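Engineer: Input file: my_file_2.csv. Contents: CSV, C-alpha atoms.
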```csv
chain,number,residue,atom,x,y,z
X,1412,MET,CA,3.1,121.4,82.5
X,1413,ASP,CA,-0.7,121.2,82.6
X,1414,ARG,CA,-2.1,119.0,79.8
X,1415,SER,CA,-4.9,121.4,79.0
X,1416,LEU,CA,-2.3,124.2,78.5
X,1417,ARG,CA,-0.4,122.0,76.0
X,1418,ALA,CA,-3.6,121.2,74.3
X,1419,ALA,CA,-4.5,124.9,74.1
X,1420,ARG,CA,-1.1,125.6,72.5
X,1421,ALA,CA,-1.6,122.8,70.0
X,1422,ALA,CA,-5.1,124.1,69.1
X,1423,THR,CA,-3.7,127.6,68.6
X,1424,PHE,CA,-1.1,126.2,66.3
X,1425,VAL,CA,-3.9,124.6,64.2
X,1426,TYR,CA,-5.8,127.9,63.9
X,1427,PHE,CA,-2.6,129.7,62.8
X,1428,ILE,CA,-2.0,127.0,60.2
X,1429,LEU,CA,-5.6,127.3,59.1
X,1430,CYS,CA,-5.4,131.1,58.7
X,1431,GLY,CA,-2.2,130.9,56.8
X,1432,THR,CA,-3.5,128.2,54.5
X,1433,LEU,CA,-6.7,130.1,53.7
X,1434,MET,CA,-4.9,133.4,53.0
X,1435,GLY,CA,-2.1,131.6,51.1
X,1436,THR,CA,-4.7,129.8,48.9
X,1437,TRP,CA,-6.1,133.2,47.9
X,1438,VAL,CA,-2.6,134.6,47.3
X,1439,VAL,CA,-1.3,131.8,45.0
X,1440,HIS,CA,-4.6,132.0,43.0
X,1441,ILE,CA,-4.3,135.7,42.4
X,1442,PRO,CA,-2.9,135.4,38.8
X,1443,ALA,CA,-5.6,133.0,37.8
X,1444,VAL,CA,-8.4,135.1,39.3
X,1445,GLU,CA,-6.9,138.3,37.8
X,1446,GLU,CA,-6.9,136.6,34.3
X,1447,ARG,CA,-10.4,135.3,34.7
X,1448,VAL,CA,-11.8,138.6,35.8
X,1449,GLY,CA,-9.8,140.5,33.1
X,1450,ILE,CA,-8.2,143.3,35.1
X,1451,SER,CA,-4.8,144.9,35.1
X,1452,HIS,CA,-2.2,144.9,37.9
X,1453,ALA,CA,-3.1,148.4,38.8
X,1454,THR,CA,-6.9,147.6,39.0
X,1455,LEU,CA,-6.1,144.5,41.1
X,1456,GLY,CA,-4.0,146.7,43.5
X,1457,GLY,CA,-7.0,148.9,44.0
X,1458,LEU,CA,-9.4,146.0,44.6
X,1459,LEU,CA,-7.0,144.5,47.2
X,1460,VAL,CA,-7.5,147.6,49.3
X,1461,LEU,CA,-11.0,146.3,49.9
X,1462,LEU,CA,-9.6,143.1,51.4
X,1463,GLY,CA,-7.6,145.2,53.8
X,1464,LEU,CA,-10.6,147.4,54.6
X,1465,GLY,CA,-12.7,144.3,55.4
X,1466,ALA,CA,-9.9,142.9,57.6
X,1467,PHE,CA,-9.6,146.1,59.5
X,1468,VAL,CA,-13.3,146.2,60.3
X,1469,GLY,CA,-13.3,142.5,61.2
X,1470,MET,CA,-10.4,143.0,63.6
X,1471,GLN,CA,-12.0,145.8,65.5
X,1472,VAL,CA,-15.2,143.7,65.9
X,1473,ALA,CA,-13.4,140.4,66.8
X,1474,GLY,CA,-10.9,142.0,69.2
X,1475,ARG,CA,-13.6,143.3,71.5
X,1476,LEU,CA,-15.6,140.1,71.2
X,1477,ALA,CA,-12.6,138.1,72.2
X,1478,ASP,CA,-12.1,140.1,75.4
X,1479,ARG,CA,-15.8,139.7,76.3
X,1480,LEU,CA,-16.7,136.2,75.2
X,1481,GLY,CA,-13.4,134.4,75.2
X,1482,ALA,CA,-11.4,132.7,72.5
X,1483,ARG,CA,-13.3,129.4,72.9
X,1484,VAL,CA,-16.3,131.0,71.3
X,1485,VAL,CA,-14.8,133.6,69.0
X,1486,VAL,CA,-11.9,131.8,67.4
X,1487,PRO,CA,-13.9,128.7,66.1
X,1488,ALA,CA,-16.7,130.9,64.9
X,1489,THR,CA,-14.3,133.1,62.9
X,1490,GLY,CA,-12.4,130.1,61.6
X,1491,VAL,CA,-15.6,128.7,60.2
X,1492,LEU,CA,-16.6,132.1,58.7
X,1493,CYS,CA,-13.1,132.6,57.1
X,1494,SER,CA,-13.1,129.1,55.6
X,1495,ALA,CA,-16.6,129.4,54.2
X,1496,THR,CA,-15.9,132.7,52.4
X,1497,LEU,CA,-12.6,131.6,50.8
X,1498,VAL,CA,-14.4,130.3,47.7
X,1499,LEU,CA,-16.0,133.7,46.9
X,1500,PRO,CA,-13.0,135.3,45.1
X,1501,GLY,CA,-12.7,132.1,43.0
X,1502,LEU,CA,-16.3,132.5,41.9
X,1503,ALA,CA,-16.0,136.2,40.9
X,1504,ARG,CA,-16.5,136.9,37.2
X,1505,ASP,CA,-16.1,140.7,37.0
X,1506,PRO,CA,-14.5,143.5,39.0
X,1507,VAL,CA,-17.7,144.3,41.0
X,1508,THR,CA,-18.2,140.7,42.2
X,1509,LEU,CA,-14.5,140.4,43.0
X,1510,ALA,CA,-14.6,143.6,45.0
X,1511,GLY,CA,-17.5,142.2,47.1
X,1512,ALA,CA,-15.8,138.8,47.5
X,1513,LEU,CA,-12.6,140.4,48.7
X,1514,LEU,CA,-14.4,142.7,51.2
X,1515,VAL,CA,-16.3,139.7,52.8
X,1516,PHE,CA,-13.3,137.4,52.8
X,1517,GLY,CA,-11.1,140.2,54.2
X,1518,PHE,CA,-13.6,140.8,57.1
X,1519,ALA,CA,-13.7,137.1,57.9
X,1520,ASN,CA,-9.9,136.8,57.8
X,1521,GLY,CA,-9.4,139.8,60.0
X,1522,CYS,CA,-11.8,138.3,62.6
X,1523,LEU,CA,-9.9,135.1,62.7
X,1524,ASP,CA,-6.5,136.7,62.7
X,1525,VAL,CA,-7.0,139.0,65.7
X,1526,SER,CA,-9.0,136.5,67.8
X,1527,MET,CA,-6.4,133.8,67.4
X,1528,ASN,CA,-3.6,136.3,68.2
X,1529,ALA,CA,-5.5,137.5,71.3
X,1530,HIS,CA,-5.7,133.9,72.4
X,1531,ALA,CA,-2.0,133.4,71.7
X,1532,VAL,CA,-1.2,136.2,74.1
X,1533,HIS,CA,-3.0,134.4,76.9
X,1534,VAL,CA,-1.2,131.2,76.1
X,1535,GLU,CA,2.2,132.9,76.1
X,1536,LYS,CA,1.3,134.5,79.4
X,1537,ALA,CA,0.5,131.0,80.9
X,1538,TYR,CA,3.7,129.5,79.4
X,1539,ARG,CA,5.8,132.3,81.1
X,1540,ARG,CA,8.3,132.4,78.2
X,1541,PRO,CA,8.3,133.8,74.6
X,1542,VAL,CA,6.2,131.6,72.3
X,1543,MET,CA,4.4,134.1,70.0
X,1544,SER,CA,6.8,133.7,67.1
X,1545,ALA,CA,6.2,129.9,67.0
X,1546,PHE,CA,2.5,130.6,66.5
X,1547,HIS,CA,3.2,132.9,63.6
X,1548,ALA,CA,5.6,130.2,62.2
X,1549,MET,CA,2.5,128.0,61.9
X,1550,PHE,CA,0.8,130.7,59.8
X,1551,SER,CA,3.8,130.5,57.4
X,1552,VAL,CA,3.5,126.7,57.4
X,1553,GLY,CA,-0.1,127.3,56.1
X,1554,GLY,CA,1.3,129.5,53.4
X,1555,VAL,CA,3.7,126.7,52.3
X,1556,LEU,CA,0.9,124.2,52.3
X,1557,ALA,CA,-1.2,126.5,50.2
X,1558,SER,CA,1.7,127.0,47.7
X,1559,ILE,CA,2.2,123.3,47.3
X,1560,VAL,CA,-1.6,122.6,46.9
X,1561,ALA,CA,-2.0,125.4,44.4
X,1562,ALA,CA,1.0,124.4,42.3
X,1563,GLY,CA,-0.6,120.9,42.0
X,1564,ALA,CA,-4.0,122.5,41.2
X,1565,VAL,CA,-2.4,124.7,38.5
X,1566,SER,CA,-0.7,121.7,36.9
X,1567,THR,CA,-3.9,119.7,36.8
X,1568,ARG,CA,-5.9,122.7,35.5
X,1569,MET,CA,-8.2,122.7,38.5
X,1570,SER,CA,-10.3,125.9,38.6
X,1571,PRO,CA,-9.7,128.4,41.3
X,1572,ALA,CA,-13.3,128.0,42.6
X,1573,ALA,CA,-12.9,124.2,42.9
X,1574,ALA,CA,-9.5,124.4,44.7
X,1575,MET,CA,-10.6,127.2,47.0
X,1576,GLY,CA,-13.9,125.6,47.7
X,1577,ALA,CA,-12.3,122.3,48.6
X,1578,LEU,CA,-9.8,123.9,51.0
X,1579,GLY,CA,-12.5,126.0,52.5
X,1580,ALA,CA,-14.6,123.0,53.3
X,1581,ALA,CA,-11.7,121.3,55.0
X,1582,GLY,CA,-11.1,124.5,56.9
X,1583,VAL,CA,-14.7,124.5,58.3
X,1584,VAL,CA,-14.1,120.9,59.7
X,1585,THR,CA,-10.7,121.8,61.1
X,1586,ALA,CA,-12.0,125.0,62.9
X,1587,LEU,CA,-14.9,123.1,64.6
X,1588,ALA,CA,-12.7,120.1,65.6
X,1589,SER,CA,-10.1,122.2,67.4
X,1590,ALA,CA,-12.5,124.4,69.4
X,1591,ARG,CA,-12.7,122.4,72.6
X,1592,ALA,CA,-8.9,122.6,73.4
X,1593,LEU,CA,-8.9,126.4,73.6
X,1594,LEU,CA,-8.5,128.2,76.9
X,1595,PRO,CA,-11.8,129.2,78.6
X,1596,ALA,CA,-13.0,132.8,78.6
X,1597,THR,CA,-11.2,133.6,81.9
X,1598,PRO,CA,-7.5,134.2,81.2
X,1599,PRO,CA,-4.9,132.3,83.2
X,1600,PRO,CA,-4.2,133.6,86.8
X,1601,ALA,CA,-2.1,136.8,86.7
X,1602,ALA,CA,1.6,136.1,87.2
X,1603,THR,CA,4.6,137.9,86.0
X,1604,SER,CA,6.0,135.8,83.2
X,1605,SER,CA,9.3,136.0,81.4
X,1606,ALA,CA,7.5,136.8,78.2
X,1607,GLU,CA,5.8,139.8,79.9
X,1608,GLU,CA,9.0,140.9,81.4
X,1609,GLU,CA,10.7,140.8,78.0
X,1610,GLN,CA,7.9,142.8,76.4
X,1611,ALA,CA,7.4,145.3,79.2
X,1612,PRO,CA,9.0,148.7,78.6
X,1613,ALA,CA,10.8,150.6,81.3
X,1614,ALA,CA,7.7,152.6,82.1
X,1615,LYS,CA,4.4,151.0,83.0
X,1616,PRO,CA,2.8,150.2,79.6
X,1617,HIS,CA,-0.8,151.0,80.7
X,1618,SER,CA,0.3,154.6,81.3
X,1619,ALA,CA,1.7,155.0,77.8
X,1620,PRO,CA,-1.2,154.6,75.3
X,1621,GLY,CA,0.9,156.4,72.7
X,1622,ARG,CA,3.2,153.3,72.7
X,1623,ILE,CA,0.3,151.3,71.2
X,1624,GLY,CA,0.1,153.9,68.5
X,1625,ILE,CA,3.8,153.6,67.7
X,1626,LEU,CA,3.5,149.8,67.6
X,1627,ALA,CA,0.6,150.1,65.3
X,1628,CYS,CA,2.5,152.4,62.9
X,1629,LEU,CA,5.4,149.9,62.8
X,1630,ALA,CA,3.0,147.1,62.2
X,1631,LEU,CA,1.6,149.1,59.3
X,1632,ILE,CA,5.1,149.4,57.8
X,1633,VAL,CA,6.1,145.8,58.4
X,1634,MET,CA,2.9,144.3,57.2
X,1635,LEU,CA,2.9,146.6,54.1
X,1636,CYS,CA,6.1,144.8,53.2
X,1637,GLU,CA,4.6,141.4,53.9
X,1638,GLY,CA,1.6,142.3,51.8
X,1639,ALA,CA,3.8,143.1,48.9
X,1640,ALA,CA,5.4,139.7,49.1
X,1641,ASN,CA,2.0,138.0,49.5
X,1642,ASP,CA,0.4,139.6,46.4
X,1643,TRP,CA,3.3,140.4,44.1
X,1644,SER,CA,6.0,137.7,44.6
X,1645,THR,CA,4.3,135.2,42.2
X,1646,LEU,CA,3.5,137.9,39.6
X,1647,HIS,CA,7.1,139.2,39.9
X,1648,LEU,CA,8.5,135.8,38.7
X,1649,LYS,CA,5.8,135.3,36.1
X,1650,ASP,CA,5.7,138.8,34.5
X,1651,VAL,CA,9.2,140.3,35.2
X,1652,LEU,CA,11.4,137.2,34.9
X,1653,GLY,CA,9.2,135.1,32.6
X,1654,ALA,CA,9.0,132.1,34.8
X,1655,PRO,CA,6.2,129.5,34.0
X,1656,ALA,CA,3.1,129.7,36.3
X,1657,SER,CA,4.0,126.5,38.2
X,1658,THR,CA,7.4,127.8,39.0
X,1659,ALA,CA,6.2,131.3,39.8
X,1660,ALA,CA,3.8,129.8,42.4
X,1661,PHE,CA,6.9,128.8,44.5
X,1662,ALA,CA,8.1,132.4,44.8
X,1663,TYR,CA,5.5,132.9,47.6
X,1664,GLY,CA,6.3,129.4,48.9
X,1665,THR,CA,10.0,130.2,49.2
X,1666,TYR,CA,9.2,133.4,51.0
X,1667,ALA,CA,6.7,131.6,53.3
X,1668,ALA,CA,9.2,128.8,54.0
X,1669,ALA,CA,11.9,131.3,55.0
X,1670,MET,CA,9.3,133.0,57.3
X,1671,THR,CA,8.6,129.7,58.9
X,1672,ILE,CA,12.2,129.0,59.6
X,1673,GLY,CA,12.8,132.4,61.0
X,1674,ARG,CA,9.8,132.3,63.3
X,1675,LEU,CA,10.7,128.9,64.6
X,1676,LEU,CA,14.0,130.4,65.7
X,1677,ALA,CA,12.8,133.8,66.8
X,1678,ASP,CA,11.5,132.9,70.2
X,1679,ARG,CA,14.9,131.6,71.2
X,1680,LEU,CA,16.5,134.8,69.8
X,1681,VAL,CA,14.1,137.0,71.7
X,1682,ALA,CA,14.9,135.1,74.9
X,1683,ARG,CA,18.6,135.7,74.4
X,1684,PHE,CA,18.9,139.0,72.6
X,1685,GLY,CA,15.5,140.8,73.2
X,1686,SER,CA,12.6,141.7,71.0
X,1687,MET,CA,14.2,145.0,70.0
X,1688,ALA,CA,17.2,143.3,68.5
X,1689,VAL,CA,15.0,140.9,66.6
X,1690,LEU,CA,13.0,143.8,65.1
X,1691,ARG,CA,16.1,145.9,64.3
X,1692,TYR,CA,18.3,143.3,62.6
X,1693,GLY,CA,15.4,141.4,61.1
X,1694,SER,CA,14.2,144.5,59.2
X,1695,ALA,CA,17.7,145.3,58.1
X,1696,THR,CA,18.1,141.7,56.7
X,1697,ALA,CA,14.7,142.2,54.9
X,1698,ALA,CA,16.0,145.4,53.3
X,1699,VAL,CA,18.9,143.5,51.8
X,1700,GLY,CA,16.6,140.7,50.5
X,1701,ILE,CA,14.1,142.9,48.8
X,1702,THR,CA,16.9,144.9,47.2
X,1703,ILE,CA,18.2,141.7,45.7
X,1704,VAL,CA,14.7,141.0,44.3
X,1705,ALA,CA,14.5,144.5,42.8
X,1706,VAL,CA,17.8,144.3,40.9
X,1707,SER,CA,18.1,140.6,40.1
X,1708,PRO,CA,17.6,139.5,36.4
X,1709,TRP,CA,17.7,135.7,37.3
X,1710,VAL,CA,15.1,133.5,38.8
X,1711,TRP,CA,17.4,131.7,41.2
X,1712,SER,CA,18.7,134.9,42.7
X,1713,ALA,CA,15.1,136.2,43.0
X,1714,PHE,CA,14.2,133.1,45.0
X,1715,ALA,CA,17.2,133.9,47.2
X,1716,GLY,CA,16.0,137.5,47.6
X,1717,TRP,CA,12.5,136.5,48.5
X,1718,ALA,CA,13.8,134.0,51.0
X,1719,LEU,CA,16.0,136.6,52.7
X,1720,PHE,CA,13.1,139.0,52.7
X,1721,GLY,CA,10.9,136.4,54.5
X,1722,LEU,CA,13.7,135.5,56.9
X,1723,GLY,CA,14.3,139.1,57.9
X,1724,LEU,CA,10.6,140.0,58.4
X,1725,SER,CA,9.8,136.7,60.2
X,1726,GLY,CA,10.2,137.9,63.7
X,1727,CYS,CA,9.0,141.5,63.4
X,1728,VAL,CA,5.2,141.2,63.5
X,1729,PRO,CA,5.1,138.7,66.4
X,1730,GLN,CA,7.1,141.1,68.6
X,1731,LEU,CA,4.8,144.0,67.8
X,1732,PHE,CA,1.6,141.9,68.5
X,1733,SER,CA,3.1,140.4,71.7
X,1734,ALA,CA,4.1,143.8,73.0
X,1735,ALA,CA,0.6,145.1,72.4
X,1736,GLY,CA,-1.1,142.2,74.0
X,1737,HIS,CA,1.1,142.2,77.1
X,1738,SER,CA,0.7,145.9,77.7
X,1739,ASP,CA,-2.6,145.1,79.3
X,1740,PRO,CA,-3.6,141.4,79.3
X,1741,SER,CA,-7.2,142.2,80.3
X,1742,ALA,CA,-7.6,144.1,77.1
X,1743,ALA,CA,-5.3,142.0,74.9
X,1744,GLY,CA,-7.9,141.6,72.2
X,1745,ALA,CA,-8.6,145.3,71.9
X,1746,ASN,CA,-4.9,146.3,71.9
X,1747,VAL,CA,-3.9,143.6,69.4
X,1748,SER,CA,-6.8,144.6,67.2
X,1749,ARG,CA,-5.5,148.2,67.1
X,1750,VAL,CA,-2.0,147.1,66.2
X,1751,ALA,CA,-3.1,144.4,63.8
X,1752,GLY,CA,-5.9,146.5,62.3
X,1753,LEU,CA,-3.5,149.3,61.2
X,1754,GLY,CA,-1.0,146.6,60.2
X,1755,TYR,CA,-3.6,145.1,57.9
X,1756,VAL,CA,-4.3,148.5,56.4
X,1757,GLY,CA,-0.6,148.4,55.5
X,1758,MET,CA,-0.8,144.8,54.3
X,1759,LEU,CA,-3.3,145.7,51.6
X,1760,ALA,CA,-2.3,149.3,51.1
X,1761,GLY,CA,1.2,148.1,50.3
X,1762,PRO,CA,0.2,146.0,47.3
X,1763,ALA,CA,-2.0,148.8,46.1
X,1764,VAL,CA,0.9,151.3,46.3
X,1765,ILE,CA,3.1,148.8,44.4
X,1766,GLY,CA,0.3,148.3,41.8
X,1767,TRP,CA,-0.1,152.1,41.3
X,1768,ALA,CA,3.7,152.4,41.1
X,1769,THR,CA,3.7,150.1,38.1
X,1770,HIS,CA,2.2,153.0,36.1
X,1771,LEU,CA,5.6,154.7,36.5
X,1772,VAL,CA,8.2,152.0,36.9
X,1773,ALA,CA,8.6,148.3,36.4
X,1774,LEU,CA,7.3,146.1,39.1
X,1775,ASN,CA,10.7,145.0,40.4
X,1776,HIS,CA,11.9,148.7,40.6
X,1777,ALA,CA,8.8,149.5,42.7
X,1778,PHE,CA,10.1,147.2,45.4
X,1779,VAL,CA,12.8,149.8,46.3
X,1780,LEU,CA,10.1,151.5,48.3
X,1781,LEU,CA,10.0,148.4,50.5
X,1782,THR,CA,13.8,148.7,51.1
X,1783,LEU,CA,13.2,152.2,52.5
X,1784,LEU,CA,10.4,151.1,54.7
X,1785,CYS,CA,12.6,148.3,56.2
X,1786,VAL,CA,15.3,150.8,57.0
X,1787,ILE,CA,12.8,153.0,58.7
X,1788,THR,CA,11.6,150.0,60.8
X,1789,ALA,CA,15.2,149.2,61.9
X,1790,ALA,CA,15.7,152.8,62.9
X,1791,ALA,CA,12.5,152.9,65.0
X,1792,SER,CA,13.1,149.5,66.8
X,1793,GLY,CA,14.0,151.3,70.0
X,1794,VAL,CA,10.2,151.4,70.9
X,1795,LEU,CA,10.7,147.8,72.0
X,1796,ARG,CA,13.6,148.6,74.3
X,1797,THR,CA,13.1,146.9,77.7
X,1798,GLU,CA,14.9,146.8,81.0
X,1799,SER,CA,16.6,143.6,79.8
X,1800,ASP,CA,17.9,145.5,76.8
X,1801,ARG,CA,19.2,148.3,79.0
X,1802,THR,CA,21.0,145.7,81.1
X,1803,ARG,CA,22.6,144.1,78.0
X,1804,GLU,CA,23.7,147.5,76.7
X,1805,LEU,CA,25.3,148.3,80.0
X,1806,ALA,CA,27.2,145.0,80.2
X,1807,PRO,CA,31.0,145.4,80.1
X,1808,GLY,CA,31.3,143.7,76.8
X,1809,ASN,CA,28.8,146.0,75.1
X,1810,ARG,CA,30.1,149.4,76.4
```
Go through the file and emit its structure as structure tokens.

Structural biologist:
Amino acid sequence: MDRSLRAARAATFVYFILCGTLMGTWVVHIPAVEERVGISHATLGGLLVLLGLGAFVGMQVAGRLADRLGARVVVPATGVLCSATLVLPGLARDPVTLAGALLVFGFANGCLDVSMNAHAVHVEKAYRRPVMSAFHAMFSVGGVLASIVAAGAVSTRMSPAAAMGALGAAGVVTALASARALLPATPPPAATSSAEEEQAPAAKPHSAPGRIGILACLALIVMLCEGAANDWSTLHLKDVLGAPASTAAFAYGTYAAAMTIGRLLADRLVARFGSMAVLRYGSATAAVGITIVAVSPWVWSAFAGWALFGLGLSGCVPQLFSAAGHSDPSAAGANVSRVAGLGYVGMLAGPAVIGWATHLVALNHAFVLLTLLCVITAAASGVLRTESDRTRELAPGNR
């Protein structure tokens, strides 16, 4: 295999790790920032909508720029921007400054997220086999790294601003150092790849723009569930189960670690069973996991529930993004931005909904809503049905 392609894949791994580390660093510092600013869970949930709004706008901008200018320009630039703005929420001293910080950081994170995913689609096309889930696994690796670093920062009483500023500075260097290995603006030569064949529906995807809309709605649901884990897992252990802050920080780490394991396995599962099966059975597994979290009175079983939730959700978003990108590789950035953009609305609307629900029920009981959403996703997974799935269904052993 061409050395430059391997280098491009490795660089894409780096940017996914970077994005996961930056977002994870914010996530694990939420309790400290919330306490410093002096706001309630419900108010925090409302402010988090601004992060999602910023991400949505950033995705629409970066998706089109990625198609026009190429990843070699857009991905490093957005990586620098996202790293530089990480410190802003840590510096906030009141709800107004926190709102502005989240809006800016969300915009930068959305730009990085969609541009690196658009580049990942082109890398997967060149590899001619499913590799998207492995990229998303590296995002989860970043979350684990952030959890470990944050737990150490909490134990040493390091301020959120100092910890987030240090990691942001490291991120700027990383984003610049990895830029040269990315693919050029011109995508790899067109060739039918096994990844594209797996993601292609029975009808020609260009002629079914409504399919992108369905993928976007499913992304909204799945990422709403992910957002709940991102922003409420740590607070769940701390406030509902009474775990100390250093222990509670590992709730997100457990979820992210399970995500990583699942995504490292998902590409092989997609190659063997199809993307539809990964979405269907993954979301069903997630439904079981979050139900355990909702009803569990023990820390150890809550960790198990968050792990199962992460494992189940792990392969869902990569399949939705990959299907959108392969629908029309020449507009991969725009299509991924549509799916990812609505997904990020869900990622931040979800925590807000959970936050508002805490006015009526306990935080853990609000998680039952996520169970219902996972069941809906499993029921709607047929949108990813491909010719390969039809062949499997018609095989003698499956009749």

Engineer: Determine the nearest neighbour of Leu1416 in chain X from the options X:Val1560, X:Leu1724, X:Val1534, X:Ala1790, counting all atoms listed in the file.

Structural biologist: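 Selected residue with least distance to Leu1416 in chain X: X:Val1534.
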
Engineer: Could you work out how far CA of Trp1767 in chain X lies from CA of Thr1454 in chain X, giving the answer in Å with one decimal?

Structural biologist: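 Separation between CA of Thr1454 in chain X and CA of Trp1767 in chain X: 8.5 Å.
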
Engineer: Which polymer residues have any atom within 6 Å of an atom of range 1497-1513 of chain X, counting all atoms listed in the file, with same-chain residues fewer than 4 positions away left out, as a PyMOL selection string?

Structural biologist: chain X and resi 1448+1458+1462+1517+1571-1572+1575-1576+1579

Engineer: As an exercise, work out the distance from CA of Val1681 in chain X to CA of Pro1729 in chain X in Å and give it to one decimal place.

Structural biologist: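 Going from CA of Val1681 in chain X over to CA of Pro1729 in chain X, I get 10.6 Å.
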
Engineer: Counting only C-alpha atoms, which residue out of X:Val1747, X:Leu1514, X:Leu1626, X:Leu1556 sits closest to Ala1531 in chain X?

Structural biologist: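 Closest to Ala1531 in chain X of all the choices is X:Val1747.
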
Engineer: Pick from X:Cys1636, X:Leu1631, X:Gly1700, X:Met1543: nearest to Arg1679 in chain X, with all atoms listed in the file counted?

Structural biologist: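 Using all atoms listed in the file, the shortest distance to Arg1679 in chain X belongs to X:Met1543.
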